[in-house]
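Undergrad: Structure file query_5.tsv (TSV, C-alpha atoms) is given on the next line.
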chain	number	residue	atom	x	y	z
A	11	HIS	CA	89.40	87.42	76.26
A	12	ARG	CA	87.23	88.89	79.01
A	13	LEU	CA	87.23	89.55	82.73
A	14	LEU	CA	84.33	87.77	84.42
A	15	CYS	CA	82.61	88.58	87.71
A	16	ARG	CA	80.08	86.24	89.29
A	17	LYS	CA	76.54	87.56	89.74
A	18	THR	CA	74.84	84.32	90.78
A	19	GLY	CA	75.76	80.64	90.95
A	20	SER	CA	78.93	78.77	91.89
A	21	PHE	CA	82.11	77.68	90.09
A	22	ASP	CA	84.99	75.23	90.47
A	23	VAL	CA	88.52	76.15	89.38
A	24	PHE	CA	90.83	73.51	87.88
A	25	VAL	CA	94.57	73.81	87.16
A	26	LYS	CA	96.61	71.39	85.06
A	27	ARG	CA	100.24	70.81	86.06
A	28	GLY	CA	102.53	68.93	83.71
A	29	ASP	CA	101.10	65.67	82.40
A	30	GLU	CA	98.79	65.21	85.39
A	31	PRO	CA	95.00	65.58	84.92
A	32	ALA	CA	93.63	68.99	85.90
A	33	GLY	CA	92.92	69.14	89.63
A	34	LYS	CA	90.40	71.25	91.50
A	35	VAL	CA	92.11	74.04	93.45
A	36	LEU	CA	89.35	76.47	94.38
A	37	GLU	CA	85.62	77.15	94.60
A	38	TYR	CA	84.15	80.54	93.65
A	39	SER	CA	81.03	81.97	95.24
A	40	SER	CA	79.51	85.47	95.58
A	41	GLY	CA	81.50	88.37	94.17
A	42	ALA	CA	84.29	86.24	92.72
A	43	MET	CA	86.26	87.70	89.82
A	44	PHE	CA	88.35	85.69	87.39
A	45	GLY	CA	90.11	85.97	84.04
A	46	GLU	CA	92.09	89.12	84.86
A	47	LEU	CA	95.58	87.58	84.71
A	48	ALA	CA	95.35	86.65	81.04
A	49	LEU	CA	94.21	90.20	80.24
A	50	MET	CA	96.91	91.86	82.35
A	51	TYR	CA	99.80	89.83	80.99
A	52	ASN	CA	98.47	88.92	77.55
A	53	ALA	CA	99.01	85.25	78.43
A	54	PRO	CA	97.04	82.02	77.95
A	55	ARG	CA	94.46	81.17	80.58
A	56	ALA	CA	96.15	79.60	83.61
A	57	ALA	CA	93.05	77.73	84.84
A	58	THR	CA	89.71	76.29	83.75
A	59	VAL	CA	86.60	77.61	85.53
A	60	THR	CA	83.50	75.42	85.40
A	61	ALA	CA	79.98	76.35	86.52
A	62	THR	CA	78.61	73.92	89.12
A	63	SER	CA	75.12	75.44	89.22
A	64	SER	CA	72.93	77.70	87.13
A	65	SER	CA	74.98	80.90	86.99
A	66	LYS	CA	75.12	84.44	85.68
A	67	VAL	CA	78.27	86.54	85.24
A	68	TRP	CA	79.15	90.07	84.25
A	69	ALA	CA	81.80	90.31	81.52
A	70	LEU	CA	84.32	93.06	80.72
A	71	ASP	CA	86.21	92.98	77.42
A	72	ARG	CA	89.99	93.41	77.14
A	73	GLU	CA	89.90	97.02	75.90
A	74	SER	CA	87.59	98.19	78.69
A	75	PHE	CA	89.63	96.32	81.30
A	76	GLN	CA	92.91	97.88	80.15
A	77	MET	CA	91.32	101.35	80.08
A	78	MET	CA	90.10	100.79	83.64
A	79	LEU	CA	93.63	99.82	84.73
A	80	ALA	CA	95.14	102.88	83.06
A	81	THR	CA	92.61	105.15	84.78
A	82	ALA	CA	93.36	103.56	88.15
A	83	GLU	CA	97.11	104.00	87.61
A	84	ASN	CA	96.70	107.65	86.67
A	85	THR	CA	94.53	108.24	89.74
A	86	LYS	CA	97.12	106.60	92.00
A	87	LYS	CA	99.92	108.65	90.41
A	88	SER	CA	98.00	111.90	90.96
A	89	GLN	CA	97.36	110.98	94.60
A	90	TYR	CA	101.05	110.25	95.16
A	91	GLU	CA	102.10	113.53	93.52
A	92	GLU	CA	99.71	115.46	95.77
A	93	PHE	CA	101.03	113.57	98.82
A	94	LEU	CA	104.68	114.27	97.91
A	95	CYS	CA	104.02	117.98	97.28
A	96	ALA	CA	102.95	118.36	100.90
A	97	ILE	CA	106.31	117.00	102.20
A	98	ASP	CA	109.01	119.65	102.71
A	99	LEU	CA	111.76	117.40	101.34
A	100	PHE	CA	110.09	117.21	97.92
A	101	LYS	CA	108.73	120.75	97.58
A	102	HIS	CA	111.61	121.91	95.38
A	103	MET	CA	111.26	119.08	92.88
A	104	THR	CA	109.72	119.90	89.50
A	105	LYS	CA	106.39	118.41	88.40
A	106	TYR	CA	108.31	116.15	86.02
A	107	GLU	CA	110.56	114.88	88.84
A	108	LEU	CA	107.56	114.32	91.13
A	109	GLY	CA	105.76	112.46	88.36
A	110	LYS	CA	108.75	110.21	87.78
A	111	LEU	CA	109.06	109.49	91.50
A	112	SER	CA	105.32	108.77	91.77
A	113	ASP	CA	105.59	106.21	88.97
A	114	LEU	CA	108.23	104.27	90.92
A	115	LEU	CA	106.63	104.30	94.37
A	116	GLU	CA	105.46	100.94	95.72
A	117	SER	CA	102.92	100.77	98.53
A	118	GLU	CA	103.55	98.17	101.26
A	119	CYS	CA	101.47	97.31	104.34
A	120	PHE	CA	103.00	96.08	107.61
A	121	ASP	CA	101.24	94.70	110.68
A	122	ALA	CA	102.27	95.86	114.15
A	123	GLY	CA	105.52	94.13	115.10
A	124	ASP	CA	106.66	93.53	111.50
A	125	ASP	CA	110.16	94.72	110.63
A	126	ILE	CA	110.21	97.09	107.67
A	127	MET	CA	114.02	97.06	107.59
A	128	LYS	CA	116.63	95.48	109.86
A	129	GLN	CA	119.83	96.81	111.39
A	130	GLY	CA	122.93	95.33	109.75
A	131	GLU	CA	121.23	94.41	106.47
A	132	LYS	CA	122.16	95.87	103.11
A	133	GLY	CA	119.91	98.77	102.18
A	134	ASP	CA	117.56	97.97	99.30
A	135	ALA	CA	114.96	100.75	99.53
A	136	PHE	CA	114.06	104.24	100.77
A	137	TYR	CA	110.77	104.52	102.69
A	138	ILE	CA	108.13	107.20	103.22
A	139	LEU	CA	105.46	106.74	105.90
A	140	GLU	CA	102.03	107.05	104.26
A	141	ASP	CA	99.80	105.99	107.16
A	142	GLY	CA	100.09	104.54	110.66
A	143	GLU	CA	103.22	104.56	112.79
A	144	ALA	CA	106.61	102.91	113.14
A	145	LYS	CA	109.59	103.07	115.48
A	146	ALA	CA	113.34	102.85	114.90
A	147	PHE	CA	115.48	100.73	117.23
A	148	MET	CA	119.27	100.36	117.57
A	149	LYS	CA	121.24	97.56	119.16
A	150	GLY	CA	124.26	98.38	121.28
A	151	GLU	CA	126.01	97.43	124.51
A	152	GLU	CA	122.80	97.85	126.51
A	153	GLY	CA	120.60	95.94	124.10
A	154	GLU	CA	117.96	97.31	121.76
A	155	VAL	CA	116.71	100.83	122.43
A	156	GLU	CA	114.11	103.00	120.70
A	157	VAL	CA	115.71	105.98	118.94
A	158	LYS	CA	112.88	107.46	116.89
A	159	HIS	CA	109.09	107.31	116.59
A	160	TYR	CA	107.60	107.85	113.12
A	161	LYS	CA	103.95	108.86	113.40
A	162	THR	CA	103.45	111.64	110.85
A	163	ALA	CA	102.63	110.90	107.22
A	164	GLY	CA	105.55	112.03	105.06
A	165	GLU	CA	108.32	111.10	107.51
A	166	PHE	CA	110.99	109.03	105.79
A	167	PHE	CA	113.76	106.58	106.61
A	168	GLY	CA	116.19	104.16	105.00
A	169	GLU	CA	118.14	106.76	103.02
A	170	VAL	CA	121.38	106.59	105.04
A	171	ALA	CA	122.32	103.08	103.89
A	172	LEU	CA	121.66	104.07	100.28
A	173	LEU	CA	123.69	107.28	100.50
A	174	THR	CA	126.67	105.72	102.28
A	175	ASN	CA	126.48	102.18	100.87
A	176	GLU	CA	126.75	100.92	104.46
A	177	PRO	CA	124.56	98.38	106.32
A	178	ARG	CA	121.36	99.60	107.92
A	179	ARG	CA	122.08	101.51	111.13
A	180	ALA	CA	118.72	100.71	112.71
A	181	THR	CA	115.71	98.42	112.64
A	182	VAL	CA	112.40	100.10	111.81
A	183	ARG	CA	109.32	98.24	113.01
A	184	ALA	CA	105.60	98.85	112.47
A	185	GLU	CA	103.81	99.87	115.66
A	186	GLY	CA	100.30	100.65	116.90
A	187	ASP	CA	97.80	99.33	114.36
A	188	GLY	CA	100.53	98.83	111.75
A	189	CYS	CA	101.51	101.12	108.92
A	190	VAL	CA	101.60	101.71	105.18
A	191	VAL	CA	104.84	102.88	103.58
A	192	LEU	CA	105.81	103.96	100.09
A	193	SER	CA	109.18	102.66	98.93
A	194	VAL	CA	111.72	103.45	96.22
A	195	LYS	CA	114.11	100.63	95.35
A	196	THR	CA	117.89	101.12	95.39
A	197	GLU	CA	118.25	100.92	91.62
A	198	ASP	CA	115.81	103.84	91.20
A	199	PHE	CA	117.00	105.92	94.17
A	200	ASP	CA	119.86	107.75	92.43
A	201	THR	CA	117.76	108.46	89.36
A	202	VAL	CA	114.70	109.94	91.01
A	203	MET	CA	116.22	111.30	94.22
A	204	GLY	CA	119.15	113.10	92.58
A	205	PRO	CA	117.75	116.61	93.14
A	206	ILE	CA	117.47	116.12	96.92
A	207	LYS	CA	120.40	113.79	97.65
A	208	ASN	CA	122.49	116.69	98.95
A	209	THR	CA	119.72	117.67	101.37
A	210	LEU	CA	119.51	114.10	102.64
A	211	ALA	CA	123.31	113.81	102.95
A	212	LYS	CA	123.52	116.96	105.10
A	213	ASN	CA	121.31	115.34	107.74
A	214	ILE	CA	123.24	112.07	108.10
A	215	ASP	CA	125.24	113.30	111.10
A	216	LEU	CA	122.03	114.19	112.92
A	217	TYR	CA	121.00	110.55	113.22
A	218	PRO	CA	121.50	108.71	116.55
A	219	GLN	CA	124.91	107.05	116.89
A	220	TYR	CA	124.06	104.51	119.60
A	221	ALA	CA	124.96	101.57	117.37
A	222	GLU	CA	128.49	102.85	116.93
Take the structure in the file and write it out as structure tokens.

TA:
Amino acid sequence: HRLLCRKTGSFDVFVKRGDEPAGKVLEYSSGAMFGELALMYNAPRAATVTATSSSKVWALDRESFQMMLATAENTKKSQYEEFLCAIDLFKHMTKYELGKLSDLLESECFDAGDDIMKQGEKGDAFYILEDGEAKAFMKGEEGEVEVKHYKTAGEFFGEVALLTNEPRRATVRAEGDGCVVLSVKTEDFDTVMGPIKNTLAKNIDLYPQYAE
């Protein structure tokens, strides 16, 4: 099994569903890469790729591909650890704790106007702003009002619902040119955030209370 990347030529991609004949679903041209899913998940090929003109491809074997993935993961983890070390909230965590947290972080991109979390919903993640900006809004008797502007990398939100097991108190929405956030899912929050939960809990009463 190999990962293939087109150098020259063109290709058609066919997928077979059930008992139906394989149908064409895609055409590949310059720079196309294919074959990675079978290598990543150790699964049978999900599609047939057929050359439609004289073609040349670069090939990467399974072992080299997996080594490349491992290197990329380690690089990402190191970048996250460095990023977290610069945030006051995480400065007292040990290298082991930071490493564990870095392993669980998921990066998500949001366009301007997209809701990252919504007021009234059950909390399912804790968020750290990595890039861009976002604003928090609360609904009350006078409608929706802005209560906080997140514009500095390392600012965080979403922890209150996880600490109190209550619905989200506010809606946080991507602003400006959008934003990138790192998230920790609820099921991992208690495990990795244990050392700083008390610090987070002390600040709950400082949040705006407009919604109440």

Undergrad: Figure out the distance between CA of Leu114 in chain A and CA of Phe93 in chain A, please, to one decimal in Å.

TA: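 About the pair CA of Phe93 in chain A and CA of Leu114 in chain A: they are 14.2 Å apart.
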
Undergrad: Measure the distance from CA of Thr181 in chain A to CA of Met127 in chain A in Å and round it to one decimal.

TA: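 Value for the CA of Thr181 in chain A-CA of Met127 in chain A distance: 5.5 Å.
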
Undergrad: Point out the residue among A:Leu172, A:Val59, A:Cys15, A:Ala69 with the least atom-to-atom distance to Leu210 in chain A, counting all atoms listed in the file.

TA: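 Between A:Leu172, A:Val59, A:Cys15, A:Ala69, the residue approaching Leu210 in chain A most closely is A:Leu172.
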
Undergrad: Find, counting all atoms listed in the file, the residue in A:Gly188, A:Pro31, A:Gly123, A:Pro177 that gets nearest to Asp141 in chain A.

TA: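 Under the stated criterion, the closest residue is A:Gly188.
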
Undergrad: For the contact check between range 59-140 of chain A and range 150-162 of chain A, emit one row per residue of range 59-140 of chain A within 10 Å, containing the shortest atom pair and the distance in Å rounded to one decimal, counting all atoms listed in the file, chain then rising number order, as JSON lines.

TA:
{"residue": "A:Ile138", "atom": "CA", "partner": "A:Tyr160", "partner_atom": "CA", "distance": 9.9}
{"residue": "A:Leu139", "atom": "CA", "partner": "A:Thr162", "partner_atom": "CA", "distance": 7.2}
{"residue": "A:Glu140", "atom": "CA", "partner": "A:Thr162", "partner_atom": "CA", "distance": 8.2}

Undergrad: May I ask which of the residues A:Trp68, A:Phe21, A:Phe166, A:Phe44 is the closest one to Phe100 in chain A, counting only C-alpha atoms?

TA: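 Nearest candidate to Phe100 in chain A out of A:Trp68, A:Phe21, A:Phe166, A:Phe44: A:Phe166.
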
Undergrad: If you measure from CA of Val25 in chain A to CA of Ala61 in chain A, what distance in Å do you get, rounded to one decimal?

TA: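 Going from CA of Val25 in chain A over to CA of Ala61 in chain A, I get 14.8 Å.
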
Undergrad: Which polymer residues have any atom within 12 Å of an atom of His102 in chain A, counting all atoms listed in the file, with same-chain residues fewer than 5 positions away left out, as a VMD selection string?

TA: chain A and resid 94 to 97 107 to 108 203 to 206 209

Undergrad: For Asp121 in chain A, list every protein, DNA or RNA residue within 10 Å, evaluated using all atoms listed in the file, and leave out those in the same chain fewer than 5 positions away; present the list as a list in words.

TA: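 Here the answer would be Ile126, Gly142, Arg183, Ala184, Glu185, Gly186, Asp187, Gly188, Cys189 and Val190 of chain A.
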
Undergrad: Could you check the closest approach to Glu197 in chain A for each of A:Thr62, A:Val182, A:Ser74, A:Asp134 and tell me which residue wins, using all atoms listed in the file?

TA: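 Counting all atoms listed in the file, the residue closest to Glu197 in chain A is A:Asp134.
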
Undergrad: When you count only C-alpha atoms, which of these residues is closest to Ser112 in chain A: A:Asp71, A:Tyr90, A:Ala146, A:Val23?

TA: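 The answer is A:Tyr90, which sits nearest to Ser112 in chain A.
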
Undergrad: For Asp200 in chain A, list every protein, DNA or RNA residue within 12 Å, evaluated using all atoms listed in the file, and leave out those in the same chain fewer than 4 positions away; present the list as number ranges by chain.

TA: A: 111, 135-136, 169, 172-173, 194-196, 204-208

Undergrad: For Arg178 in chain A, which of A:Met148, A:Val191, A:Met78, A:Ala163 is the closest residue, counting only C-alpha atoms?

TA: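 Answer, going by the shortest atom-to-atom distance: A:Met148.
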
Undergrad: Taking (86.4, 87.5, 94.9) in the file's coordinates as the center, which residues reach within 12 Å of it, counting all atoms listed in the file, put as an mmCIF file with C-alpha atoms, keeping the file's coordinate frame?

TA:
data_model
loop_
_atom_site.group_PDB
_atom_site.id
_atom_site.type_symbol
_atom_site.label_atom_id
_atom_site.label_comp_id
_atom_site.auth_asym_id
_atom_site.auth_seq_id
_atom_site.Cartn_x
_atom_site.Cartn_y
_atom_site.Cartn_z
ATOM 1 C CA LEU A 14 84.330 87.770 84.420
ATOM 2 C CA CYS A 15 82.610 88.580 87.710
ATOM 3 C CA ARG A 16 80.080 86.240 89.290
ATOM 4 C CA LYS A 17 76.540 87.560 89.740
ATOM 5 C CA SER A 20 78.930 78.770 91.890
ATOM 6 C CA PHE A 21 82.110 77.680 90.090
ATOM 7 C CA LEU A 36 89.350 76.470 94.380
ATOM 8 C CA GLU A 37 85.620 77.150 94.600
ATOM 9 C CA TYR A 38 84.150 80.540 93.650
ATOM 10 C CA SER A 39 81.030 81.970 95.240
ATOM 11 C CA SER A 40 79.510 85.470 95.580
ATOM 12 C CA GLY A 41 81.500 88.370 94.170
ATOM 13 C CA ALA A 42 84.290 86.240 92.720
ATOM 14 C CA MET A 43 86.260 87.700 89.820
ATOM 15 C CA PHE A 44 88.350 85.690 87.390
ATOM 16 C CA GLY A 45 90.110 85.970 84.040
ATOM 17 C CA GLU A 46 92.090 89.120 84.860
#
